[in-house]
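The file structure.cif contains mmCIF, C-alpha atoms:
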```
data_structure
loop_
_atom_site.label_atom_id
_atom_site.label_comp_id
_atom_site.auth_asym_id
_atom_site.auth_seq_id
_atom_site.Cartn_x
_atom_site.Cartn_y
_atom_site.Cartn_z
CA MET D 1408 11.98 19.50 47.30
CA ILE D 1409 9.56 20.76 44.64
CA ALA D 1410 12.25 20.66 41.93
CA THR D 1411 13.09 17.06 42.88
CA ALA D 1412 9.40 16.16 42.91
CA LEU D 1413 8.89 17.54 39.40
CA LEU D 1414 12.03 15.81 38.15
CA VAL D 1415 10.99 12.43 39.57
CA ALA D 1416 7.39 12.81 38.39
CA ALA D 1417 8.52 13.68 34.87
CA LYS D 1418 10.88 10.69 34.88
CA ASP D 1419 8.20 8.25 36.06
CA LEU D 1420 5.67 9.56 33.54
CA ARG D 1421 8.22 9.38 30.73
CA ILE D 1422 8.98 5.77 31.67
CA GLU D 1423 5.24 5.07 31.60
CA LEU D 1424 4.95 6.64 28.15
CA ARG D 1425 7.81 4.45 26.92
CA SER D 1426 6.71 1.18 28.51
CA ARG D 1427 2.95 1.65 27.86
CA VAL D 1428 2.18 -0.55 30.87
CA LEU D 1429 -0.75 1.69 31.76
CA LEU D 1430 -2.15 1.70 28.23
CA TRP D 1431 -1.74 -1.97 27.36
CA GLN D 1432 -2.03 -3.67 30.73
CA VAL D 1433 -3.66 -1.64 33.48
CA VAL D 1434 -6.47 0.08 31.57
CA PRO D 1435 -7.56 -3.10 29.72
CA PHE D 1436 -7.42 -4.99 33.01
CA GLY D 1437 -9.61 -2.37 34.68
CA LEU D 1438 -12.13 -2.34 31.84
CA MET D 1439 -12.25 -6.12 31.84
CA ALA D 1440 -12.84 -6.11 35.60
CA LEU D 1441 -15.68 -3.59 35.15
CA LEU D 1442 -17.19 -5.73 32.42
CA LEU D 1443 -17.01 -8.80 34.64
CA CYS D 1444 -18.69 -6.84 37.43
CA GLY D 1445 -21.47 -5.91 35.02
CA LEU D 1446 -21.86 -9.52 33.94
CA ALA D 1447 -21.90 -10.66 37.57
CA LEU D 1448 -24.71 -8.24 38.34
CA GLY D 1449 -26.71 -9.52 35.41
CA PRO D 1450 -29.19 -7.72 33.16
CA ALA D 1451 -31.78 -7.37 35.92
CA HIS D 1452 -29.48 -4.91 37.65
CA ALA D 1453 -28.54 -2.93 34.55
CA GLY D 1454 -28.85 0.72 35.38
CA ASN D 1455 -28.92 0.01 39.10
CA SER D 1456 -26.78 2.97 40.03
CA SER D 1457 -26.49 1.98 43.70
CA ALA D 1458 -23.99 -0.73 42.75
CA GLY D 1459 -22.03 1.37 40.26
CA PRO D 1460 -19.92 3.48 42.67
CA GLY D 1461 -18.96 0.50 44.80
CA LEU D 1462 -17.93 -1.56 41.80
CA TYR D 1463 -16.06 1.41 40.35
CA TYR D 1464 -13.98 1.76 43.50
CA LEU D 1465 -13.50 -2.00 43.77
CA VAL D 1466 -11.89 -1.94 40.33
CA ILE D 1467 -9.94 1.20 41.26
CA LEU D 1468 -8.52 -0.70 44.26
CA LEU D 1469 -7.25 -3.50 42.01
CA VAL D 1470 -5.81 -0.97 39.56
CA VAL D 1471 -4.09 1.02 42.31
CA LEU D 1472 -2.37 -2.11 43.61
CA LEU D 1473 -1.07 -2.89 40.12
CA MET D 1474 0.13 0.66 39.60
CA VAL D 1475 1.85 0.96 42.98
CA ASN D 1476 3.71 -2.25 42.22
CA ARG D 1477 4.73 -0.84 38.87
CA SER D 1478 5.79 2.47 40.41
CA GLN D 1479 8.05 0.69 42.88
CA ALA D 1480 9.38 -1.74 40.26
CA ILE D 1481 10.87 1.19 38.33
CA GLU D 1482 13.34 1.70 41.19
CA ARG D 1483 13.69 -1.97 42.13
CA SER D 1484 16.66 -3.00 40.00
CA PRO D 1485 19.64 -3.21 42.41
CA GLY D 1486 21.94 -1.30 40.07
CA THR D 1487 19.45 1.49 39.47
CA LYS D 1488 18.61 1.71 43.15
CA SER D 1489 22.28 2.08 44.11
CA SER D 1490 23.10 4.57 41.37
CA VAL D 1491 20.09 6.74 42.10
CA ALA D 1492 20.92 6.59 45.81
CA THR D 1493 24.29 8.18 45.02
CA LEU D 1494 22.50 11.12 43.39
CA GLY D 1495 21.45 12.16 46.89
CA LEU D 1496 17.91 13.12 45.91
CA ASP D 1497 15.76 14.66 48.62
CA PRO D 1498 13.55 11.74 49.78
CA ALA D 1499 10.60 14.04 50.44
CA GLY D 1500 10.85 15.26 46.86
CA VAL D 1501 11.10 11.69 45.59
CA PHE D 1502 7.96 10.77 47.55
CA LEU D 1503 6.03 13.74 46.22
CA GLY D 1504 7.25 13.12 42.68
CA LYS D 1505 6.33 9.45 42.69
CA SER D 1506 2.95 10.29 44.27
CA LEU D 1507 2.30 12.94 41.63
CA ALA D 1508 3.19 10.62 38.77
CA LEU D 1509 1.03 7.87 40.24
CA ALA D 1510 -1.81 10.34 40.72
CA VAL D 1511 -1.62 11.46 37.08
CA GLU D 1512 -1.66 7.84 35.93
CA LEU D 1513 -4.59 7.12 38.26
CA TRP D 1514 -6.51 10.15 37.02
CA VAL D 1515 -6.17 8.98 33.43
CA THR D 1516 -7.15 5.43 34.36
CA GLY D 1517 -9.94 6.63 36.64
CA LEU D 1518 -11.40 8.74 33.84
CA VAL D 1519 -11.38 5.83 31.40
CA LEU D 1520 -12.94 3.56 34.02
CA LEU D 1521 -15.58 6.19 34.78
CA ALA D 1522 -16.53 6.21 31.12
CA GLY D 1523 -16.50 2.42 31.24
CA SER D 1524 -18.76 2.54 34.29
CA VAL D 1525 -21.25 4.69 32.40
CA LEU D 1526 -21.17 2.32 29.43
CA VAL D 1527 -20.96 -1.05 31.14
CA LEU D 1528 -22.67 -0.48 34.49
CA HIS D 1529 -25.07 2.15 33.15
CA THR D 1530 -24.06 4.67 35.78
CA ALA D 1531 -25.87 7.97 35.18
CA LEU D 1532 -23.64 10.29 33.16
CA HIS D 1533 -24.73 13.43 35.01
CA GLY D 1534 -24.02 11.84 38.40
CA ALA D 1535 -20.62 10.60 37.17
CA LEU D 1536 -19.70 14.14 36.09
CA VAL D 1537 -20.82 15.58 39.43
CA ALA D 1538 -18.69 12.94 41.19
CA LEU D 1539 -15.63 13.71 39.09
CA PRO D 1540 -14.00 16.26 41.48
CA SER D 1541 -14.36 13.92 44.44
CA ILE D 1542 -12.91 11.08 42.36
CA VAL D 1543 -9.91 13.25 41.45
CA VAL D 1544 -9.19 14.02 45.11
CA THR D 1545 -9.78 10.42 46.22
CA LEU D 1546 -7.42 9.07 43.57
CA GLY D 1547 -4.81 11.67 44.60
CA ALA D 1548 -5.06 10.46 48.21
CA LEU D 1549 -4.83 6.84 47.06
CA ALA D 1550 -1.67 7.75 45.11
CA GLY D 1551 -0.07 9.28 48.21
CA ALA D 1552 -1.02 6.35 50.42
CA GLY D 1553 0.01 3.85 47.75
CA THR D 1554 3.44 5.42 47.31
CA LEU D 1555 4.00 5.44 51.06
CA TYR D 1556 2.99 1.81 51.51
CA GLY D 1557 4.85 0.79 48.37
CA ALA D 1558 8.03 2.07 49.99
CA LEU D 1559 7.07 0.32 53.22
CA THR D 1560 6.99 -3.06 51.46
CA GLY D 1561 10.48 -2.34 50.22
CA GLY D 1562 9.87 -3.02 46.57
CA GLY D 1563 11.10 -6.56 47.07
CA ASP D 1564 9.81 -9.87 45.79
CA THR D 1565 7.10 -9.95 48.44
CA THR D 1566 5.62 -6.58 47.48
CA ALA D 1567 2.88 -8.08 45.33
CA THR D 1568 1.51 -10.10 48.25
CA LEU D 1569 2.33 -7.73 51.10
CA LEU D 1570 0.96 -4.62 49.47
CA PRO D 1571 -2.75 -5.60 49.44
CA MET D 1572 -2.61 -6.68 53.07
CA LEU D 1573 -0.81 -3.58 54.28
CA THR D 1574 -2.70 -1.05 52.22
CA LEU D 1575 -6.23 -2.26 52.82
CA PRO D 1576 -6.59 -0.55 56.23
CA ALA D 1577 -5.10 2.62 54.74
CA PHE D 1578 -7.17 2.51 51.58
CA ALA D 1579 -10.45 1.50 53.24
CA PRO D 1580 -11.49 4.95 54.53
CA LEU D 1581 -10.60 6.50 51.18
CA LEU D 1582 -12.52 3.89 49.21
CA ILE D 1583 -15.56 4.16 51.49
CA ALA D 1584 -15.53 7.96 51.38
CA GLY D 1585 -15.03 7.93 47.61
CA GLU D 1586 -17.85 5.47 47.10
CA ARG D 1587 -20.18 7.42 49.40
CA SER D 1588 -19.48 10.72 47.68
CA PHE D 1589 -19.96 9.05 44.26
CA SER D 1590 -23.28 7.61 45.45
CA ASP D 1591 -24.36 10.96 46.83
CA ALA D 1592 -23.47 12.58 43.51
CA LEU D 1593 -25.72 10.08 41.73
CA HIS D 1594 -28.58 10.56 44.16
CA GLY D 1595 -28.27 14.28 44.72
CA GLY D 1596 -27.04 14.06 48.29
CA GLY D 1597 -24.51 16.32 50.01
CA LEU D 1598 -20.91 15.56 49.13
CA TRP D 1599 -19.03 17.59 51.68
CA GLN D 1600 -18.88 15.24 54.65
CA TRP D 1601 -17.07 12.67 52.47
CA TRP D 1602 -14.83 15.28 50.92
CA VAL D 1603 -13.58 16.22 54.38
CA ILE D 1604 -12.49 12.64 55.05
CA VAL D 1605 -10.72 12.36 51.71
CA VAL D 1606 -8.97 15.74 51.98
CA VAL D 1607 -7.84 15.07 55.56
CA ALA D 1608 -6.51 11.66 54.46
CA LEU D 1609 -4.76 13.24 51.47
CA VAL D 1610 -3.01 15.80 53.66
CA ALA D 1611 -2.17 13.19 56.30
CA TYR D 1612 -0.65 10.70 53.85
CA LEU D 1613 1.35 13.39 52.08
CA GLY D 1614 2.59 14.73 55.41
CA VAL D 1615 3.59 11.31 56.72
CA GLY D 1616 5.20 10.46 53.39
CA ILE D 1617 7.26 13.66 53.34
CA LEU D 1618 8.47 12.93 56.86
CA LEU D 1619 9.06 9.18 56.62
CA TYR D 1620 9.87 8.29 53.02
CA GLY D 1621 13.60 8.74 53.58
CA VAL D 1622 13.53 6.47 56.62
CA LEU D 1623 11.60 3.82 54.67
CA GLU D 1624 14.07 4.01 51.81
CA GLU D 1625 17.01 3.60 54.16
CA SER D 1626 15.45 0.62 55.90
CA MET F 659 50.11 8.00 52.00
CA THR F 660 52.01 8.55 48.84
CA ASN F 661 51.64 12.29 48.63
CA GLY F 662 50.96 13.24 52.24
CA ALA F 663 47.34 14.18 51.57
CA SER F 664 44.55 12.86 53.79
CA PRO F 665 43.35 9.48 52.57
CA VAL F 666 40.05 9.40 50.73
CA VAL F 667 39.35 6.03 52.32
CA ALA F 668 40.48 5.14 55.82
CA LEU F 669 39.04 1.95 57.33
CA SER F 670 40.05 0.32 60.59
CA GLY F 671 38.71 -3.09 61.55
CA ALA F 672 35.66 -2.61 59.35
CA VAL F 673 33.07 -5.34 59.84
CA VAL F 674 29.87 -5.63 57.87
CA ILE F 675 27.32 -8.28 58.78
CA SER F 676 24.12 -8.72 56.81
CA SER F 677 21.33 -11.06 57.97
CA GLY F 678 23.79 -12.71 60.33
CA PHE F 679 26.29 -13.38 57.56
CA PRO F 680 29.68 -11.66 57.77
CA LEU F 681 30.43 -9.88 54.50
CA LEU F 682 33.53 -8.05 55.74
CA SER F 683 35.51 -9.40 58.68
CA GLY F 684 37.84 -6.66 59.85
CA VAL F 685 39.16 -4.65 56.92
CA ASP F 686 41.97 -2.13 57.38
CA LEU F 687 42.51 0.01 54.32
CA GLU F 688 43.78 3.42 53.33
CA VAL F 689 43.43 4.81 49.82
CA ALA F 690 45.25 7.97 48.79
CA PRO F 691 43.51 10.59 46.66
CA GLY F 692 44.15 10.56 42.92
CA THR F 693 45.03 6.87 42.79
CA LEU F 694 43.67 3.74 41.14
CA THR F 695 43.09 0.72 43.37
CA VAL F 696 41.93 -2.68 42.22
CA LEU F 697 40.15 -5.04 44.60
CA SER F 698 40.90 -8.52 43.36
CA GLY F 699 39.60 -11.87 44.53
CA ALA F 700 37.27 -14.77 43.85
CA ASN F 701 33.50 -14.64 44.06
CA GLY F 702 32.42 -14.04 47.65
CA ALA F 703 35.76 -12.53 48.64
CA GLY F 704 34.03 -9.34 49.79
CA LYS F 705 34.92 -7.01 46.91
CA THR F 706 31.38 -5.80 46.23
CA SER F 707 30.61 -5.57 49.95
CA LEU F 708 33.66 -3.37 50.46
CA LEU F 709 32.68 -1.16 47.53
CA ARG F 710 29.13 -0.86 48.86
CA LEU F 711 30.47 0.12 52.27
CA LEU F 712 32.64 2.79 50.67
CA ALA F 713 29.62 4.05 48.70
CA GLY F 714 27.49 4.41 51.82
CA LEU F 715 25.16 1.71 50.48
CA ALA F 716 25.92 -0.71 53.31
CA ALA F 717 26.18 0.07 57.00
CA LEU F 718 29.25 -0.53 59.13
CA THR F 719 28.48 -3.15 61.80
CA SER F 720 31.62 -2.47 63.82
CA GLY F 721 35.00 -0.90 63.38
CA SER F 722 35.50 2.63 62.14
CA GLY F 723 36.23 4.49 58.98
CA THR F 724 35.89 7.63 56.93
CA VAL F 725 35.24 7.94 53.22
CA ALA F 726 35.58 11.29 51.47
CA GLY F 727 35.68 12.90 54.88
CA VAL F 728 32.40 11.34 56.05
CA ASP F 729 32.45 9.14 59.15
CA LEU F 730 30.89 5.78 58.24
CA ALA F 731 29.66 5.13 61.77
CA GLU F 732 28.37 8.55 62.78
CA GLY F 733 28.18 10.60 59.60
CA ASP F 734 25.41 11.31 57.13
CA LEU F 735 25.56 8.52 54.54
CA ARG F 736 23.39 10.55 52.17
CA GLN F 737 26.09 13.19 52.11
CA LEU F 738 28.67 10.48 51.40
CA ARG F 739 26.60 9.05 48.55
CA ARG F 740 26.50 12.41 46.84
CA ARG F 741 30.29 12.43 46.77
CA VAL F 742 30.86 9.00 45.33
CA GLY F 743 30.02 7.51 41.97
CA TRP F 744 28.79 3.93 41.82
CA LEU F 745 28.76 1.65 38.81
CA GLY F 746 27.34 -1.77 39.64
CA HIS F 747 27.53 -4.75 37.37
CA GLU F 748 23.73 -4.91 37.12
CA GLY F 749 23.31 -1.68 35.17
CA SER F 750 22.88 1.69 36.73
CA PHE F 751 20.03 3.47 35.05
CA TYR F 752 16.40 3.35 33.97
CA ASP F 753 15.95 0.76 31.23
CA ASP F 754 12.95 2.42 29.62
CA LEU F 755 14.64 5.81 29.30
CA SER F 756 16.94 6.66 26.43
CA VAL F 757 20.65 7.39 26.84
CA ARG F 758 19.93 11.11 26.66
CA GLU F 759 17.03 10.94 29.13
CA ASN F 760 19.02 8.92 31.66
CA LEU F 761 21.92 11.34 31.59
CA THR F 762 19.68 14.40 31.63
CA PHE F 763 17.95 12.99 34.71
CA ALA F 764 21.31 12.53 36.46
CA ALA F 765 22.45 16.05 35.51
CA ARG F 766 19.23 17.70 36.69
CA ALA F 767 19.18 15.67 39.89
CA LEU F 768 22.51 17.28 40.71
CA GLY F 769 21.24 20.73 39.73
CA ARG F 770 23.47 20.86 36.67
CA PRO F 771 22.48 22.02 33.19
CA SER F 772 21.67 19.27 30.76
CA ASP F 773 23.81 20.78 28.00
CA GLY F 774 26.75 18.77 29.35
CA VAL F 775 25.09 15.55 28.25
CA GLU F 776 25.94 15.53 24.54
CA PRO F 777 29.71 16.03 24.98
CA VAL F 778 29.78 13.14 27.44
CA VAL F 779 27.76 10.96 25.08
CA ALA F 780 30.21 11.79 22.29
CA ARG F 781 33.17 10.98 24.52
CA MET F 782 31.66 7.59 25.30
CA GLY F 783 31.00 6.89 21.62
CA LEU F 784 27.25 6.62 22.09
CA GLU F 785 26.17 9.41 19.69
CA GLN F 786 24.37 6.96 17.40
CA ARG F 787 22.46 5.52 20.33
CA ILE F 788 21.60 8.73 22.17
CA ASN F 789 17.86 8.29 21.69
CA THR F 790 17.88 4.52 22.20
CA PRO F 791 16.27 3.11 25.37
CA ALA F 792 18.90 1.70 27.70
CA LYS F 793 17.32 -1.75 27.56
CA GLN F 794 18.09 -1.96 23.84
CA LEU F 795 21.82 -1.31 24.31
CA SER F 796 24.40 -4.07 24.14
CA ALA F 797 26.22 -5.06 27.32
CA GLY F 798 29.28 -3.02 26.34
CA GLN F 799 27.15 0.01 25.50
CA ARG F 800 25.39 -0.29 28.83
CA ARG F 801 28.80 -0.15 30.51
CA ARG F 802 29.56 3.01 28.57
CA LEU F 803 26.24 4.51 29.61
CA GLY F 804 27.05 3.72 33.23
CA LEU F 805 30.40 5.47 32.84
CA ALA F 806 28.71 8.41 31.12
CA TRP F 807 26.39 8.68 34.13
CA LEU F 808 29.52 8.99 36.31
CA LEU F 809 31.16 11.50 33.96
CA ILE F 810 28.04 13.65 34.26
CA ARG F 811 28.27 13.38 38.03
CA ARG F 812 32.04 13.96 38.31
CA PRO F 813 32.35 12.37 41.78
CA GLU F 814 35.56 12.59 43.77
CA LEU F 815 35.55 8.83 44.43
CA TRP F 816 34.65 6.37 41.67
CA LEU F 817 33.56 2.90 42.82
CA LEU F 818 33.27 0.46 39.96
CA ASP F 819 32.05 -3.10 40.53
CA GLU F 820 33.39 -5.51 37.90
CA PRO F 821 33.55 -2.82 35.22
CA TYR F 822 35.46 -5.06 32.79
CA ALA F 823 32.72 -7.66 32.64
CA SER F 824 31.11 -7.85 29.18
CA LEU F 825 33.81 -5.68 27.59
CA ASP F 826 35.69 -6.81 24.50
CA ASP F 827 39.33 -5.90 23.94
CA GLY F 828 38.42 -2.58 22.34
CA GLY F 829 36.15 -1.80 25.25
CA ARG F 830 38.90 -2.62 27.75
CA ILE F 831 41.36 -0.34 26.03
CA PHE F 832 38.78 2.45 25.90
CA PHE F 833 37.94 1.87 29.54
CA ASP F 834 41.60 1.89 30.62
CA ALA F 835 42.14 5.20 28.82
CA LEU F 836 39.12 6.69 30.53
CA LEU F 837 40.23 5.51 33.97
CA GLY F 838 43.67 6.96 33.29
CA ASP F 839 42.08 10.33 32.49
CA VAL F 840 39.88 10.20 35.57
CA VAL F 841 42.83 9.48 37.86
CA ALA F 842 44.91 12.15 36.13
CA SER F 843 42.14 14.66 36.84
CA GLY F 844 42.63 14.03 40.56
CA ALA F 845 39.71 11.70 41.24
CA THR F 846 40.20 8.46 43.15
CA VAL F 847 39.11 5.19 41.59
CA VAL F 848 38.49 1.86 43.29
CA VAL F 849 37.66 -1.04 40.98
CA SER F 850 36.73 -4.64 41.72
CA ALA F 851 37.86 -7.42 39.41
CA HIS F 852 38.08 -11.19 39.57
CA ASP F 853 41.62 -11.13 38.23
CA ARG F 854 44.50 -8.72 38.38
CA LEU F 855 44.08 -5.84 35.98
CA ARG F 856 45.41 -6.72 32.54
CA SER F 857 46.31 -3.26 31.40
CA ASP F 858 49.23 -1.94 29.40
CA THR F 859 48.62 1.65 30.46
CA LEU F 860 47.52 1.56 34.11
CA THR F 861 49.67 0.66 37.09
CA PRO F 862 47.19 0.29 39.91
CA ARG F 863 47.63 -0.77 43.46
CA THR F 864 46.11 -4.23 43.81
CA ILE F 865 44.35 -5.34 47.00
CA LEU F 866 43.82 -9.08 47.25
CA MET F 867 40.70 -10.16 49.13
CA ALA F 868 39.44 -13.50 50.43
CA GLY F 869 36.75 -14.37 52.96
CA GLY F 870 35.85 -10.76 53.65
CA ARG F 871 39.44 -9.85 54.53
CA ILE F 872 42.39 -8.21 52.83
CA VAL F 873 45.03 -10.87 52.31
CA GLY F 874 47.48 -9.01 50.12
CA ASP F 875 48.45 -5.51 49.05
CA GLU F 876 50.61 -5.07 45.96
CA ARG F 877 51.74 -1.57 45.02
#
```
Encoded form using structure tokens:
Amino acid sequence: MIATALLVAAKDLRIELRSRVLLWQVVPFGLMALLLCGLALGPAHAGNSSAGPGLYYLVILLVVLLMVNRSQAIERSPGTKSSVATLGLDPAGVFLGKSLALAVELWVTGLVLLAGSVLVLHTALHGALVALPSIVVTLGALAGAGTLYGALTGGGDTTATLLPMLTLPAFAPLLIAGERSFSDALHGGGLWQWWVIVVVALVAYLGVGILLYGVLEES
Amino acid sequence: MTNGASPVVALSGAVVISSGFPLLSGVDLEVAPGTLTVLSGANGAGKTSLLRLLAGLAALTSGSGTVAGVDLAEGDLRQLRRRVGWLGHEGSFYDDLSVRENLTFAARALGRPSDGVEPVVARMGLEQRINTPAKQLSAGQRRRLGLAWLLIRRPELWLLDEPYASLDDGGRIFFDALLGDVVASGATVVVSAHDRLRSDTLTPRTILMAGGRIVGDER
């Protein structure tokens, strides 16, 4: 399972390096969304750090949806899907591999957007650095949940519209916990109660994905 | 059976219905190991549906059958898929990966060393394109890459959907020679084609299909 996961993750990341979708589409989109959020807040709210974490995770939500779509699109071509199916890859390994690749891509994007948040939304740099570990774990959980729900939507033509509706209930606790822990990091509050939620969700989504990904693929 | 060996394919009254539409309407078929069979018929005759059933990519609605020793109704279709090779007419690989990367992925997915890739690439005449992304290959080169993927896999049953599409005369001759070698090595090949095979070197059994049924069998 681990060998398959590493193989699939390496393949997905290599495809990303080739296609540059993350670099030329997702990251600019995220930065533009952050900029628009800053403009919407207006200069009176510049440096208002209470809005920063929420806006950061709002943009992360949009970015995750784009990236989950992209992750599923890699396998969507009928010919590729059939050929890869005949390789008999362990579905649990495929799930973990796709989640890992998505997590790596999200970590890179999340880091760039965090820097953008500091620059555009004037989020305190020290608080952003303190929040970094919780952001890493939250984005990892979002990657697991996103991969699971991406498979659930079947990677078909309706994925782009179905995915936001299906994932919102799954993403909501993660986004709220991530935002709360980011806010606490900025204001010096305790982070641990939010970490527990995120870590439990991470383990739960990975566990469910390992168990069900094969069934979702077959259906 | 021609040589007394157990058939690789044995179908009895095979029916496949998808979304209420009958794709196969009672197919009886036996295919001996080490033979070349051509499924011939017009569009919608059921050739691709039959190939997908044999590949474990479509489920049997009723009837019975075994492929490569796996029961289509009760058996593990994942196990079947590992034993067959599938080449669809849509392309069978990751477009953003190079020839080498696609084949290395297939080799590693099967737990095989990747040093077998270059000889296969040379055999398929793709040495000059080994580092070219699949999406930049011509239609004929993409066919060769699909065949290289199968040569890496070395399945016992080759299922090729319209493999002659997009091939020029040189490509057809090359392809015929390859199929001859594959059959001579003991593998079984089932090919779909709109027309009867126009080959000077191969003498396949030709199954005529229409309306999801077998309407002729020429040996």
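Taking CA of His852 in chain F as the reference point, CA of Ile675 in chain F is found at 22.2 Å.
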Enumerate as a count of residues only the residues belonging to chain F that approach chain D to within 8 Å, with all atoms listed in the file taken into account.
25
Reference answer for the PyMOL selection byres ((chain F and resi 691) around 10), as a PyMOL selection string
chain F and resi 659-667+688-690+692-694+726+814-815+841+844-847
When you count all atoms listed in the file, which of these residues is closest to Arg811 in chain F: F:Asp827, F:Asn789, F:Ala765, F:Ser843?
F:Ala765
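Of the residues under consideration (F:Pro680, F:Gly671, F:Pro821, F:Gly869), F:Pro821 shows the shortest atom-to-atom contact distance to Asp834 in chain F when counting only C-alpha atoms.
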For the file shown, report as a PDB file with C-alpha atoms, keeping the file's coordinate frame the outcome of the PyMOL selection byres ((chain F and resi 804-806) around 7) at residue level.
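Result saved to selection12.pdb:
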```
ATOM      1  CA  LEU F 745      28.760   1.650  38.810  1.00  0.00           C
ATOM      2  CA  GLY F 749      23.310  -1.680  35.170  1.00  0.00           C
ATOM      3  CA  SER F 750      22.880   1.690  36.730  1.00  0.00           C
ATOM      4  CA  VAL F 778      29.780  13.140  27.440  1.00  0.00           C
ATOM      5  CA  VAL F 779      27.760  10.960  25.080  1.00  0.00           C
ATOM      6  CA  MET F 782      31.660   7.590  25.300  1.00  0.00           C
ATOM      7  CA  ARG F 800      25.390  -0.290  28.830  1.00  0.00           C
ATOM      8  CA  ARG F 801      28.800  -0.150  30.510  1.00  0.00           C
ATOM      9  CA  ARG F 802      29.560   3.010  28.570  1.00  0.00           C
ATOM     10  CA  LEU F 803      26.240   4.510  29.610  1.00  0.00           C
ATOM     11  CA  TRP F 807      26.390   8.680  34.130  1.00  0.00           C
ATOM     12  CA  LEU F 808      29.520   8.990  36.310  1.00  0.00           C
ATOM     13  CA  LEU F 809      31.160  11.500  33.960  1.00  0.00           C
ATOM     14  CA  ILE F 810      28.040  13.650  34.260  1.00  0.00           C
TER      15      ILE F 810
END
```
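The space between CA of Leu1528 in chain D and CA of Gly1595 in chain D spans 18.8 Å.
The coordinates place CA of Asp734 in chain F at 28.1 Å from CA of Leu837 in chain F.
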Pick from D:Ala1567, D:Leu1618, D:Leu1503, D:Leu1593: nearest to Ala1535 in chain D, with only C-alpha atoms counted?
D:Leu1593
Residue neighbourhood range 1508-1510 of chain D, 12 Å, only C-alpha atoms, exclusion window fewer than 4 positions, as a PyMOL selection string
chain D and resi 1412-1424+1429+1470-1479+1501-1504+1514-1518+1542-1555+1557+1609
File of the preceding selection, C-alpha atoms, as an mmCIF file, keeping the file's coordinate frame:
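Okay, this is what ended up in part.cif:
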```
data_model
loop_
_atom_site.group_PDB
_atom_site.id
_atom_site.type_symbol
_atom_site.label_atom_id
_atom_site.label_comp_id
_atom_site.auth_asym_id
_atom_site.auth_seq_id
_atom_site.Cartn_x
_atom_site.Cartn_y
_atom_site.Cartn_z
ATOM 1 C CA ALA D 1412 9.400 16.160 42.910
ATOM 2 C CA LEU D 1413 8.890 17.540 39.400
ATOM 3 C CA LEU D 1414 12.030 15.810 38.150
ATOM 4 C CA VAL D 1415 10.990 12.430 39.570
ATOM 5 C CA ALA D 1416 7.390 12.810 38.390
ATOM 6 C CA ALA D 1417 8.520 13.680 34.870
ATOM 7 C CA LYS D 1418 10.880 10.690 34.880
ATOM 8 C CA ASP D 1419 8.200 8.250 36.060
ATOM 9 C CA LEU D 1420 5.670 9.560 33.540
ATOM 10 C CA ARG D 1421 8.220 9.380 30.730
ATOM 11 C CA ILE D 1422 8.980 5.770 31.670
ATOM 12 C CA GLU D 1423 5.240 5.070 31.600
ATOM 13 C CA LEU D 1424 4.950 6.640 28.150
ATOM 14 C CA LEU D 1429 -0.750 1.690 31.760
ATOM 15 C CA VAL D 1470 -5.810 -0.970 39.560
ATOM 16 C CA VAL D 1471 -4.090 1.020 42.310
ATOM 17 C CA LEU D 1472 -2.370 -2.110 43.610
ATOM 18 C CA LEU D 1473 -1.070 -2.890 40.120
ATOM 19 C CA MET D 1474 0.130 0.660 39.600
ATOM 20 C CA VAL D 1475 1.850 0.960 42.980
ATOM 21 C CA ASN D 1476 3.710 -2.250 42.220
ATOM 22 C CA ARG D 1477 4.730 -0.840 38.870
ATOM 23 C CA SER D 1478 5.790 2.470 40.410
ATOM 24 C CA GLN D 1479 8.050 0.690 42.880
ATOM 25 C CA VAL D 1501 11.100 11.690 45.590
ATOM 26 C CA PHE D 1502 7.960 10.770 47.550
ATOM 27 C CA LEU D 1503 6.030 13.740 46.220
ATOM 28 C CA GLY D 1504 7.250 13.120 42.680
ATOM 29 C CA TRP D 1514 -6.510 10.150 37.020
ATOM 30 C CA VAL D 1515 -6.170 8.980 33.430
ATOM 31 C CA THR D 1516 -7.150 5.430 34.360
ATOM 32 C CA GLY D 1517 -9.940 6.630 36.640
ATOM 33 C CA LEU D 1518 -11.400 8.740 33.840
ATOM 34 C CA ILE D 1542 -12.910 11.080 42.360
ATOM 35 C CA VAL D 1543 -9.910 13.250 41.450
ATOM 36 C CA VAL D 1544 -9.190 14.020 45.110
ATOM 37 C CA THR D 1545 -9.780 10.420 46.220
ATOM 38 C CA LEU D 1546 -7.420 9.070 43.570
ATOM 39 C CA GLY D 1547 -4.810 11.670 44.600
ATOM 40 C CA ALA D 1548 -5.060 10.460 48.210
ATOM 41 C CA LEU D 1549 -4.830 6.840 47.060
ATOM 42 C CA ALA D 1550 -1.670 7.750 45.110
ATOM 43 C CA GLY D 1551 -0.070 9.280 48.210
ATOM 44 C CA ALA D 1552 -1.020 6.350 50.420
ATOM 45 C CA GLY D 1553 0.010 3.850 47.750
ATOM 46 C CA THR D 1554 3.440 5.420 47.310
ATOM 47 C CA LEU D 1555 4.000 5.440 51.060
ATOM 48 C CA GLY D 1557 4.850 0.790 48.370
ATOM 49 C CA LEU D 1609 -4.760 13.240 51.470
#
```
Just so the selection is clear, what residues does the PyMOL selection byres ((chain F and resi 872) around 10) cover here, as a ChimeraX atom specification?
/F:682-687,697-699,703-705,865-871,873-875
Which residues, written as a PyMOL selection string, have at least one atom at most 10 Å from Glu1586 in chain D, with all atoms listed in the file counted and residues fewer than 4 positions away on the same chain left out?
chain D and resi 1457-1465+1538+1541-1542+1545+1580-1582+1590-1592+1601
